[in-house]
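Engineer: Provided below: query05.csv, containing CSV, C-alpha atoms and all ligand atoms.
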chain,number,residue,atom,x,y,z
A,1,MET,CA,-5.8,-32.3,8.1
A,2,LYS,CA,-7.0,-30.1,5.3
A,3,CYS,CA,-6.8,-26.3,5.6
A,4,LYS,CA,-8.3,-23.7,3.2
A,5,ILE,CA,-6.4,-20.5,2.8
A,6,THR,CA,-7.5,-17.4,0.9
A,7,LEU,CA,-4.5,-15.7,-0.7
A,8,LEU,CA,-4.8,-11.9,-1.2
A,9,PRO,CA,-1.4,-11.0,-2.9
A,10,GLY,CA,-2.6,-7.4,-3.5
A,11,ASP,CA,-0.3,-4.8,-5.0
A,12,GLY,CA,3.4,-4.3,-5.7
A,13,ILE,CA,5.8,-6.7,-3.9
A,14,GLY,CA,2.7,-8.2,-2.2
A,15,VAL,CA,2.5,-10.5,-5.2
A,16,GLU,CA,6.1,-11.7,-4.9
A,17,VAL,CA,6.3,-12.2,-1.2
A,18,THR,CA,3.0,-14.1,-1.3
A,19,GLU,CA,4.4,-16.4,-3.9
A,20,ALA,CA,7.4,-16.9,-1.6
A,21,ALA,CA,5.2,-17.6,1.4
A,22,VAL,CA,3.1,-20.1,-0.6
A,23,LYS,CA,6.2,-22.0,-1.7
A,24,VAL,CA,7.2,-22.3,2.0
A,25,MET,CA,3.7,-23.3,3.1
A,26,ASN,CA,3.6,-26.0,0.5
A,27,GLN,CA,6.9,-27.4,1.7
A,28,VAL,CA,5.8,-27.4,5.3
A,29,ALA,CA,2.5,-29.0,4.4
A,30,ASP,CA,4.4,-31.7,2.6
A,31,ASN,CA,6.8,-32.3,5.6
A,32,PHE,CA,4.0,-32.3,8.2
A,33,ASN,CA,1.6,-34.2,6.0
A,34,ILE,CA,-1.3,-31.8,5.8
A,35,THR,CA,-3.2,-30.6,2.8
A,36,LEU,CA,-3.4,-26.9,1.9
A,37,GLU,CA,-6.1,-25.6,-0.5
A,38,PHE,CA,-5.5,-22.1,-1.9
A,39,ASN,CA,-8.0,-19.7,-3.3
A,40,SER,CA,-6.4,-16.5,-4.7
A,41,GLN,CA,-8.4,-13.3,-4.8
A,42,LEU,CA,-7.9,-9.6,-5.6
A,43,ILE,CA,-7.6,-6.9,-3.1
A,44,GLY,CA,-6.5,-3.2,-3.0
A,45,GLY,CA,-5.4,-1.4,-6.2
A,46,ALA,CA,-5.4,-4.7,-8.2
A,47,SER,CA,-9.1,-5.2,-7.3
A,48,TYR,CA,-9.9,-1.5,-8.0
A,49,GLU,CA,-8.4,-1.8,-11.5
A,50,LYS,CA,-10.5,-4.8,-12.4
A,51,ASN,CA,-13.7,-4.3,-10.4
A,52,GLY,CA,-13.8,-0.6,-9.5
A,53,SER,CA,-13.7,-1.5,-5.8
A,54,PRO,CA,-10.7,-2.4,-3.6
A,55,LEU,CA,-12.6,-5.2,-1.9
A,56,THR,CA,-15.4,-7.1,-3.6
A,57,ASP,CA,-18.1,-9.4,-2.0
A,58,GLU,CA,-16.4,-12.3,-3.8
A,59,THR,CA,-13.1,-11.7,-2.1
A,60,LEU,CA,-14.8,-11.3,1.3
A,61,GLN,CA,-16.9,-14.4,0.8
A,62,SER,CA,-13.7,-16.4,0.0
A,63,CYS,CA,-12.3,-15.2,3.3
A,64,TYR,CA,-15.4,-16.2,5.2
A,65,ASP,CA,-15.1,-19.7,3.6
A,66,SER,CA,-11.5,-20.2,4.6
A,67,ASP,CA,-9.6,-21.3,7.7
A,68,ALA,CA,-7.1,-18.5,7.3
A,69,VAL,CA,-6.4,-15.5,5.1
A,70,PHE,CA,-2.9,-14.5,3.8
A,71,LEU,CA,-2.4,-11.0,2.6
A,72,GLY,CA,0.7,-9.6,0.7
A,73,ALA,CA,0.3,-5.8,0.6
A,74,ALA,CA,-2.3,-3.3,-0.6
A,75,GLY,CA,-1.7,0.2,-1.8
A,76,GLY,CA,0.5,2.3,-4.0
A,77,PRO,CA,0.9,5.9,-5.3
A,78,LYS,CA,-1.3,5.2,-8.3
A,79,TRP,CA,-4.4,5.1,-6.0
A,80,GLU,CA,-3.4,7.7,-3.5
A,81,ASN,CA,-5.8,10.4,-4.8
A,82,LEU,CA,-8.9,8.2,-5.0
A,83,PRO,CA,-11.7,9.1,-2.6
A,84,HIS,CA,-11.2,7.6,0.8
A,85,HIS,CA,-13.6,4.6,0.4
A,86,LEU,CA,-11.9,3.5,-2.8
A,87,LYS,CA,-8.3,3.6,-1.6
A,88,PRO,CA,-6.6,0.2,-1.1
A,89,GLU,CA,-6.2,1.0,2.6
A,90,ALA,CA,-10.0,1.1,2.9
A,91,ALA,CA,-10.1,-2.5,1.7
A,92,LEU,CA,-7.7,-3.5,4.5
A,93,LEU,CA,-9.8,-1.7,7.2
A,94,LYS,CA,-13.1,-3.1,5.8
A,95,LEU,CA,-11.6,-6.6,5.8
A,96,ARG,CA,-10.4,-6.3,9.4
A,97,LYS,CA,-13.8,-5.1,10.5
A,98,ALA,CA,-15.8,-7.6,8.5
A,99,LEU,CA,-13.8,-10.6,9.8
A,100,GLY,CA,-13.8,-9.2,13.3
A,101,LEU,CA,-10.0,-9.3,13.6
A,102,PHE,CA,-9.7,-7.3,16.9
A,103,THR,CA,-6.3,-8.6,17.9
A,104,ASN,CA,-3.2,-7.6,16.0
A,105,ILE,CA,0.0,-9.3,17.0
A,106,ARG,CA,3.3,-7.8,15.8
A,107,PRO,CA,6.4,-9.4,17.3
A,108,ALA,CA,9.5,-7.3,17.8
A,109,LYS,CA,12.3,-9.7,18.2
A,110,ILE,CA,16.0,-9.8,17.4
A,111,TYR,CA,17.5,-11.9,14.7
A,112,GLU,CA,21.0,-12.5,16.0
A,113,ALA,CA,22.5,-12.3,12.5
A,114,LEU,CA,21.0,-8.9,11.9
A,115,ILE,CA,21.8,-7.2,15.2
A,116,ASP,CA,24.4,-5.0,13.5
A,117,SER,CA,22.2,-3.8,10.8
A,118,SER,CA,19.8,-2.0,13.2
A,119,THR,CA,20.2,1.7,13.7
A,120,LEU,CA,20.1,1.0,17.5
A,121,LYS,CA,23.1,-0.1,19.5
A,122,LYS,CA,23.7,-3.8,20.0
A,123,GLU,CA,23.7,-3.5,23.8
A,124,VAL,CA,20.3,-1.9,23.7
A,125,LEU,CA,18.9,-4.6,21.4
A,126,GLN,CA,20.3,-7.8,22.8
A,127,GLY,CA,17.7,-9.9,24.4
A,128,THR,CA,14.7,-7.9,23.1
A,129,ASP,CA,11.7,-10.1,22.6
A,130,PHE,CA,8.2,-8.5,22.9
A,131,ILE,CA,4.9,-8.3,21.0
A,132,VAL,CA,2.9,-5.3,20.2
A,133,LEU,CA,-0.7,-6.3,20.8
A,134,ARG,CA,-2.8,-3.7,19.0
A,135,GLU,CA,-6.6,-3.4,19.1
A,136,LEU,CA,-7.5,-3.5,15.5
A,137,THR,CA,-11.3,-3.0,14.9
A,138,GLY,CA,-12.1,0.0,17.2
A,139,GLY,CA,-10.8,3.3,18.4
A,140,ILE,CA,-10.3,6.4,16.2
A,141,TYR,CA,-10.0,4.3,13.0
A,142,PHE,CA,-13.7,3.4,13.1
A,143,GLY,CA,-15.3,5.9,15.5
A,144,THR,CA,-18.1,8.2,14.4
A,145,PRO,CA,-18.8,11.0,13.8
A,146,ARG,CA,-15.9,11.6,11.3
A,147,GLY,CA,-15.4,13.9,8.4
A,148,PHE,CA,-14.2,17.3,7.3
A,149,ASP,CA,-15.6,20.4,5.7
A,150,LYS,CA,-14.0,23.7,4.7
A,151,ASN,CA,-13.4,24.8,8.2
A,152,ARG,CA,-13.1,21.7,10.3
A,153,GLY,CA,-12.0,18.1,10.3
A,154,TRP,CA,-13.0,15.6,13.0
A,155,ASN,CA,-12.7,11.9,14.1
A,156,THR,CA,-13.8,10.2,17.2
A,157,MET,CA,-11.7,8.0,19.5
A,158,GLU,CA,-14.2,5.7,21.0
A,159,TYR,CA,-14.2,2.3,22.7
A,160,SER,CA,-16.9,0.1,24.1
A,161,TYR,CA,-16.5,-1.8,27.3
A,162,GLU,CA,-16.5,-5.1,25.5
A,163,GLU,CA,-13.9,-4.0,22.9
A,164,VAL,CA,-11.4,-3.1,25.6
A,165,GLU,CA,-12.2,-6.1,27.8
A,166,ARG,CA,-11.6,-8.7,25.1
A,167,ILE,CA,-8.3,-7.3,23.9
A,168,ALA,CA,-7.1,-6.9,27.5
A,169,ARG,CA,-8.0,-10.5,28.2
A,170,MET,CA,-6.1,-11.6,25.1
A,171,ALA,CA,-3.0,-9.6,26.4
A,172,PHE,CA,-3.0,-11.3,29.8
A,173,LYS,CA,-3.5,-14.7,28.2
A,174,MET,CA,-0.6,-14.2,25.9
A,175,ALA,CA,1.6,-12.8,28.6
A,176,ARG,CA,0.9,-15.9,30.7
A,177,GLU,CA,2.5,-18.0,27.9
A,178,ARG,CA,5.4,-15.6,27.6
A,179,GLY,CA,7.2,-13.3,30.1
A,180,LYS,CA,4.1,-12.7,32.4
A,181,LYS,CA,4.2,-9.0,31.9
A,182,VAL,CA,1.7,-6.6,30.3
A,183,THR,CA,2.4,-2.9,29.6
A,184,SER,CA,-0.8,-1.2,28.8
A,185,VAL,CA,-0.2,2.0,26.8
A,186,ASP,CA,-2.6,4.9,26.8
A,187,LYS,CA,-2.9,8.7,27.1
A,188,ALA,CA,-5.0,8.7,30.3
A,189,ASN,CA,-3.5,12.0,31.4
A,190,VAL,CA,-5.4,13.7,28.6
A,191,LEU,CA,-8.0,11.5,27.0
A,192,GLU,CA,-11.2,10.2,28.7
A,193,VAL,CA,-11.3,7.2,26.4
A,194,SER,CA,-7.8,6.3,27.7
A,195,GLN,CA,-8.9,6.6,31.3
A,196,PHE,CA,-11.9,4.3,30.4
A,197,TRP,CA,-9.4,1.9,28.8
A,198,ARG,CA,-7.1,1.9,31.8
A,199,ASN,CA,-10.0,1.2,34.2
A,200,ILE,CA,-11.1,-1.8,32.3
A,201,VAL,CA,-7.6,-3.2,31.8
A,202,HIS,CA,-7.2,-3.1,35.6
A,203,GLU,CA,-10.5,-4.8,36.1
A,204,VAL,CA,-9.6,-7.7,33.8
A,205,HIS,CA,-6.2,-7.9,35.5
A,206,LYS,CA,-7.8,-9.1,38.7
A,207,GLU,CA,-8.4,-12.5,36.9
A,208,PHE,CA,-4.7,-12.7,36.1
A,209,ALA,CA,-2.9,-12.1,39.4
A,210,ASP,CA,0.2,-14.1,38.1
A,211,VAL,CA,0.8,-11.5,35.4
A,212,GLU,CA,2.4,-8.2,36.2
A,213,LEU,CA,0.6,-5.1,34.8
A,214,LYS,CA,2.1,-1.7,34.2
A,215,ASP,CA,0.5,1.4,32.7
A,216,MET,CA,2.5,3.7,30.5
A,217,TYR,CA,1.6,6.9,28.6
A,218,VAL,CA,2.1,6.6,24.9
A,219,ASP,CA,4.6,9.3,24.5
A,220,ASN,CA,6.8,7.7,27.1
A,221,ALA,CA,6.3,4.3,25.5
A,222,ALA,CA,7.6,5.6,22.2
A,223,MET,CA,10.7,6.7,23.9
A,224,GLN,CA,11.1,3.6,26.1
A,225,ILE,CA,10.9,1.3,23.0
A,226,VAL,CA,14.1,2.8,21.6
A,227,ARG,CA,15.7,3.5,25.0
A,228,ASN,CA,15.3,0.1,26.6
A,229,PRO,CA,13.2,-2.3,24.6
A,230,LYS,CA,14.1,-5.3,26.8
A,231,GLN,CA,11.6,-4.1,29.5
A,232,PHE,CA,8.6,-5.1,27.4
A,233,ASP,CA,6.9,-8.4,27.1
A,234,VAL,CA,3.3,-7.8,25.9
A,235,LEU,CA,2.7,-4.2,24.9
A,236,LEU,CA,-1.1,-3.8,24.9
A,237,THR,CA,-2.5,-0.7,23.1
A,238,SER,CA,-5.3,0.8,21.1
A,239,ASN,CA,-5.6,1.0,17.3
A,240,LEU,CA,-3.9,4.3,16.5
A,241,PHE,CA,-1.2,4.1,19.2
A,242,GLY,CA,-0.5,0.5,18.1
A,243,ASP,CA,-0.1,1.6,14.5
A,244,ILE,CA,2.6,4.1,15.5
A,245,LEU,CA,4.3,2.0,18.2
A,246,SER,CA,4.5,-1.1,16.0
A,247,ASP,CA,6.4,0.9,13.3
A,248,ILE,CA,8.9,2.1,16.0
A,249,ALA,CA,9.2,-1.4,17.3
A,250,GLY,CA,9.8,-2.5,13.7
A,251,MET,CA,13.2,-0.9,13.7
A,252,ILE,CA,14.4,-3.1,16.4
A,253,THR,CA,14.6,-6.0,13.9
A,254,GLY,CA,16.5,-3.7,11.5
A,255,SER,CA,14.1,-3.7,8.6
A,256,LEU,CA,10.4,-3.6,8.1
A,257,GLY,CA,11.1,-6.4,5.6
A,258,MET,CA,11.5,-8.7,8.5
A,259,LEU,CA,8.3,-8.1,10.4
A,260,PRO,CA,5.4,-10.5,10.4
A,261,SER,CA,1.9,-10.0,11.8
A,262,ALA,CA,-1.2,-11.9,12.7
A,263,SER,CA,-4.7,-10.4,13.1
A,264,ILE,CA,-7.0,-12.7,15.0
A,265,GLY,CA,-10.7,-12.6,15.9
A,266,SER,CA,-13.0,-15.0,17.5
A,267,LYS,CA,-13.8,-16.7,14.1
A,268,TYR,CA,-11.3,-15.6,11.5
A,269,SER,CA,-7.7,-14.8,11.2
A,270,LEU,CA,-5.4,-13.0,8.7
A,271,TYR,CA,-1.7,-13.0,8.3
A,272,GLU,CA,0.4,-10.4,6.6
A,273,PRO,CA,3.9,-8.9,6.5
A,274,VAL,CA,3.9,-5.4,8.2
A,275,HIS,CA,5.7,-3.8,5.2
A,276,GLY,CA,3.8,-2.2,2.4
A,277,SER,CA,3.7,-2.7,-1.4
A,278,ALA,CA,7.0,-1.0,-2.1
A,279,PRO,CA,6.1,-0.1,-5.7
A,280,ASP,CA,9.7,1.3,-6.3
A,281,ILE,CA,11.1,-2.3,-6.2
A,282,ALA,CA,8.1,-4.3,-7.3
A,283,GLY,CA,8.6,-7.0,-9.9
A,284,GLN,CA,12.4,-6.8,-9.7
A,285,GLY,CA,13.1,-9.8,-7.4
A,286,LYS,CA,14.5,-7.4,-4.7
A,287,ALA,CA,11.7,-7.8,-2.1
A,288,ASN,CA,12.6,-9.4,1.2
A,289,PRO,CA,10.3,-12.5,1.5
A,290,LEU,CA,11.2,-13.1,5.2
A,291,ALA,CA,8.3,-11.1,6.8
A,292,ALA,CA,5.8,-13.0,4.6
A,293,ILE,CA,7.4,-16.3,5.4
A,294,SER,CA,7.5,-15.5,9.1
A,295,SER,CA,3.8,-14.5,8.8
A,296,ALA,CA,3.1,-18.0,7.4
A,297,ALA,CA,4.8,-19.4,10.4
A,298,MET,CA,2.4,-17.5,12.6
A,299,MET,CA,-0.5,-18.9,10.5
A,300,PHE,CA,0.7,-22.5,11.2
A,301,ASN,CA,0.9,-21.7,14.9
A,302,TYR,CA,-2.2,-19.7,15.6
A,303,SER,CA,-4.7,-21.0,12.9
A,304,PHE,CA,-3.6,-24.6,12.6
A,305,GLY,CA,-2.2,-25.3,16.0
A,306,MET,CA,1.1,-26.4,14.4
A,307,GLN,CA,3.6,-24.8,16.8
A,308,LYS,CA,6.4,-27.2,15.7
A,309,ALA,CA,6.0,-26.2,12.1
A,310,ALA,CA,6.1,-22.6,13.1
A,311,GLU,CA,9.3,-23.2,15.0
A,312,VAL,CA,10.9,-25.0,12.1
A,313,ILE,CA,10.2,-22.1,9.8
A,314,GLU,CA,11.6,-19.5,12.3
A,315,GLU,CA,14.7,-21.6,12.8
A,316,ALA,CA,15.1,-21.9,9.1
A,317,ILE,CA,15.0,-18.1,8.7
A,318,GLU,CA,17.6,-17.7,11.5
A,319,ARG,CA,19.9,-20.2,9.7
A,320,THR,CA,19.5,-18.6,6.3
A,321,LEU,CA,20.5,-15.2,7.8
A,322,ALA,CA,23.4,-16.8,9.7
A,323,GLN,CA,24.5,-18.3,6.3
A,324,GLY,CA,24.9,-14.6,5.2
A,325,LEU,CA,22.1,-14.4,2.6
A,326,ARG,CA,20.7,-10.9,2.4
A,327,THR,CA,18.1,-9.1,0.2
A,328,PRO,CA,19.0,-5.5,-0.5
A,329,ASP,CA,17.0,-4.0,2.5
A,330,ILE,CA,19.2,-5.9,5.0
A,331,PHE,CA,22.4,-6.1,3.1
A,332,SER,CA,25.7,-5.4,4.9
A,333,GLU,CA,29.4,-5.8,4.0
A,334,GLY,CA,30.7,-9.3,3.7
A,335,CYS,CA,27.2,-10.8,3.1
A,336,ARG,CA,25.8,-12.5,0.0
A,337,SER,CA,23.3,-10.4,-2.0
A,338,VAL,CA,20.4,-12.6,-3.1
A,339,SER,CA,17.0,-12.2,-4.8
A,340,THR,CA,13.6,-12.9,-3.4
A,341,GLU,CA,13.6,-16.3,-5.0
A,342,GLU,CA,17.1,-17.3,-3.8
A,343,MET,CA,16.3,-16.3,-0.3
A,344,THR,CA,13.0,-18.3,-0.4
A,345,ASN,CA,14.8,-21.4,-1.8
A,346,ALA,CA,17.4,-21.2,0.9
A,347,VAL,CA,14.8,-21.0,3.6
A,348,ILE,CA,13.1,-24.1,2.1
A,349,GLU,CA,16.4,-26.0,2.0
A,350,ASN,CA,16.9,-25.2,5.7
A,351,ILE,CA,13.4,-26.2,6.6
A,352,ASN,CA,14.0,-29.6,4.9
A,353,GLU,CA,17.3,-30.0,6.7
A,354,ILE,CA,15.9,-29.1,10.1
A,355,TYR,CA,12.8,-31.2,9.6
A,356,HIS,CA,14.8,-34.2,8.4
A,357,ASN,CA,17.2,-34.1,11.3
A,358,GLN,CA,14.4,-33.7,13.7
A,359,ALA,CA,12.6,-36.6,12.2
A,360,LEU,CA,15.7,-38.6,12.8
A,361,GLY,CA,15.9,-37.4,16.3
A,362,VAL,CA,19.3,-35.7,15.7
A,363,PHE,CA,18.1,-32.2,16.3
A,364,THR,CA,15.4,-31.0,18.7
A,365,LEU,CA,14.1,-27.5,18.9
A,401,LIG,C1,-0.8,-1.0,9.2
A,401,LIG,C2,-1.0,0.1,8.2
A,401,LIG,C3,-2.5,0.3,8.0
A,401,LIG,C4,-3.0,0.9,9.4
A,401,LIG,C5,-2.9,1.2,6.9
A,401,LIG,C6,-2.3,0.8,5.6
A,401,LIG,C7,-4.4,1.4,6.8
A,401,LIG,O1,-0.3,1.2,8.5
A,401,LIG,O2,-1.3,-2.1,9.1
A,401,LIG,O3,-0.1,-0.7,10.2
A,401,LIG,O4,-2.9,2.1,9.6
A,401,LIG,O5,-3.5,0.0,10.2
A,402,MG,MG,1.0,1.1,10.2
For the structure just supplied, provide its representation as structure tokens.
Ligand code: IPM
Ligand code: MG

Structural biologist:
Amino acid sequence: MKCKITLLPGDGIGVEVTEAAVKVMNQVADNFNITLEFNSQLIGGASYEKNGSPLTDETLQSCYDSDAVFLGAAGGPKWENLPHHLKPEAALLKLRKALGLFTNIRPAKIYEALIDSSTLKKEVLQGTDFIVLRELTGGIYFGTPRGFDKNRGWNTMEYSYEEVERIARMAFKMARERGKKVTSVDKANVLEVSQFWRNIVHEVHKEFADVELKDMYVDNAAMQIVRNPKQFDVLLTSNLFGDILSDIAGMITGSLGMLPSASIGSKYSLYEPVHGSAPDIAGQGKANPLAAISSAAMMFNYSFGMQKAAEVIEEAIERTLAQGLRTPDIFSEGCRSVSTEEMTNAVIENINEIYHNQALGVFTL
């Protein structure tokens, strides 16, 4: 099997964590006997500096020509004051829309070795394992009219029937493979668009009688995620609510540096760590590569149908953490402080060991 991947390292630590993820991808490709072909392109501030645009047609075309896209991070204070359409963030939004990536998957799970480094209590966290399923190409992020003048600013939270239907269907399908429970998060007590959302989710639910459906208002959901995160399995929500709730859910893992994501459409898919470009630590070997590496695991799983490879990577991350290796963002007393590269190499060693033992039939996942 040959897979074409467009790499978009982007800005700041995006470059270092992409390098780490590529190293891991190459190792896995080696072990599982597939061929990966990489094409690296600019995005965000890096693209703006060279081309005067945060996303060029060339970059977009490369994504269209690939089996999957891997993105590091885009953004930084240097480009904060540019007009809206030239900001690195605009590139990300345009890319999501152009590739039709309507499903955003952000897992919130506990790494056993990190349970004490979360700001939440161990008893609250233990056993937590859910995904935030965020609608990514509609809602207030893209609705029109939008704008501001001297006296007023406005945006439009808008969803079409099809947009809600397809993400709802995705949520029920995913829940069926997991804990069989969907919590649909909205603000139907105030917003018409949310009532519309809720009606459609219930209609789609009729096709999935084996999956439990619960509605929850977004303010309550924000509280429930930190009060009792174990209650969630698939948390389905719209673009803006999902943006906020996935950051809250991010703290369950202890650090944003641990959180992977997948954005999937009917034709294309993109994988990226949830964290940003962290310009304050860029280029110093301090970045945590695990979110990027875990995003690569999602790529093997969702884009290439290699679930086993994904499991090996995840298991290697767990083992590396259990061995006490920590980048500064997750460091705690008694652990070994390591660089981006050392962490990456340790994960690779663990991948090889797990793969080798598995190949010999000694260890099964
Ligand atoms: C995210 C980010 C983006 C978003 C920004 C950078 C445009 O916060 O991926 O969660 O709001 O979607
Ligand atoms: Mg966000």

Engineer: From (-4.0, -2.8, 28.8), in the file's coordinates, out to 6 Å: which residues are reached, counting only C-alpha atoms? Answer as a compact mmCIF listing (two decimals) with C-alpha atoms, keeping the file's coordinate frame.

Structural biologist:
# COMPACT_ATOMS: atom_id res chain seq x y z
CA ALA A 168 -7.10 -6.90 27.50
CA SER A 184 -0.80 -1.20 28.80
CA VAL A 201 -7.60 -3.20 31.80
CA LEU A 236 -1.10 -3.80 24.90

Engineer: Using only C-alpha atoms and all ligand atoms, can you tell me which of A:Met299, A:Leu240, A:Ala310, A:Val185 comes closest to ligand MG 402 (chain A)?

Structural biologist: A:Leu240

Engineer: What residues of the protein or nucleic acid chains come within 9 Å of ligand LIG 401 (chain A) when you use only C-alpha atoms and all ligand atoms? Reply as a PyMOL selection string.

Structural biologist: chain A and resi 73-75+88-93+136+141+239-240+242-244+246-247+261+272-276

Engineer: To one decimal place in Å, what is the distance between CA of Ile5 (chain A) and CA of Glu314 (chain A)?

Structural biologist: 20.4 Å

Engineer: Taking into account only C-alpha atoms and all ligand atoms, which residue in the set A:Val234, A:Leu55, A:Val190, A:Ala249 is nearest to ligand MG 402 (chain A)?

Structural biologist: A:Ala249

Engineer: Just how far from CA of Ile317 (chain A) is CA of Asn288 (chain A), in Å to one decimal?

Structural biologist: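 Between these atoms lies a distance of 11.7 Å.
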
Engineer: Could you check which of A:Leu245, A:Val164, A:Met157, A:Cys3 is closest to ligand MG 402 (chain A), using all atoms listed in the file?

Structural biologist: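 Using all atoms listed in the file, ligand MG 402 (chain A) sits closest to A:Leu245.
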
Engineer: With only C-alpha atoms and all ligand atoms as the basis for distance, which of A:Lys230, A:Met306, A:Asn104, A:Phe331 is at the shortest distance from ligand MG 402 (chain A)?

Structural biologist: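 Checking each candidate against ligand MG 402 (chain A), we get A:Asn104 as the closest.
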
Engineer: List the neighbours of region 207-217 of chain A out to 8 Å using all atoms listed in the file; skip same-chain residues closer than 6 positions along the sequence, and give me the result as a list in words.

Structural biologist: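 The contact residues come out as Phe172, Ala175, Arg176, Lys180, Lys181, Val182, Thr183, Ser184, Val185, Asp186, Lys187, Ala188, Asn189 and Arg198 of chain A.
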
Engineer: Would you kindly identify which residues have an atom no farther than 8 Å from (-5.5, -13.9, 11.9), using all atoms listed in the file and the file's own coordinates, and write them out as a list in words?

Structural biologist: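 Collected hits near the coordinates: Ala68, Val69, Leu101, Asn104, Ala262, Ser263, Ile264, Gly265, Tyr268, Ser269, Leu270, Tyr271, Met299, Tyr302 and Ser303 of chain A.
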
Engineer: Using Å and a single decimal, report how far CA of Ala291 (chain A) sits from CA of Met258 (chain A).

Structural biologist: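 Spanning CA of Met258 (chain A) to CA of Ala291 (chain A) is a straight-line distance of 4.3 Å.
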
Engineer: Find, counting all atoms listed in the file, the residue in A:Leu256, A:Glu349, A:Ala46, A:Lys267 that gets nearest to ligand MG 402 (chain A).

Structural biologist: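 The shortest atom-to-atom distance to ligand MG 402 (chain A) comes from A:Leu256.
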
Engineer: Looking at A:Glu318, A:Gly250, A:Glu311, A:Asn345, which one is nearest to ligand MG 402 (chain A), with distances taken over all atoms listed in the file?

Structural biologist: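 The answer is A:Gly250, which sits nearest to ligand MG 402 (chain A).
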
Engineer: Please provide the set of residues having any atom within 10 Å of Ala322 (chain A), restricted to only C-alpha atoms, with same-chain residues fewer than 5 positions apart removed, written as a PyMOL selection string.

Structural biologist: chain A and resi 111-114+316-317+335

Engineer: Kindly export the residues of the current selection with C-alpha atoms, as an mmCIF file, in the coordinates of the input.

Structural biologist:
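What landed in part_39.cif:
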data_model
loop_
_atom_site.group_PDB
_atom_site.id
_atom_site.type_symbol
_atom_site.label_atom_id
_atom_site.label_comp_id
_atom_site.auth_asym_id
_atom_site.auth_seq_id
_atom_site.Cartn_x
_atom_site.Cartn_y
_atom_site.Cartn_z
ATOM 1 C CA TYR A 111 17.500 -11.900 14.700
ATOM 2 C CA GLU A 112 21.000 -12.500 16.000
ATOM 3 C CA ALA A 113 22.500 -12.300 12.500
ATOM 4 C CA LEU A 114 21.000 -8.900 11.900
ATOM 5 C CA ALA A 316 15.100 -21.900 9.100
ATOM 6 C CA ILE A 317 15.000 -18.100 8.700
ATOM 7 C CA CYS A 335 27.200 -10.800 3.100
#
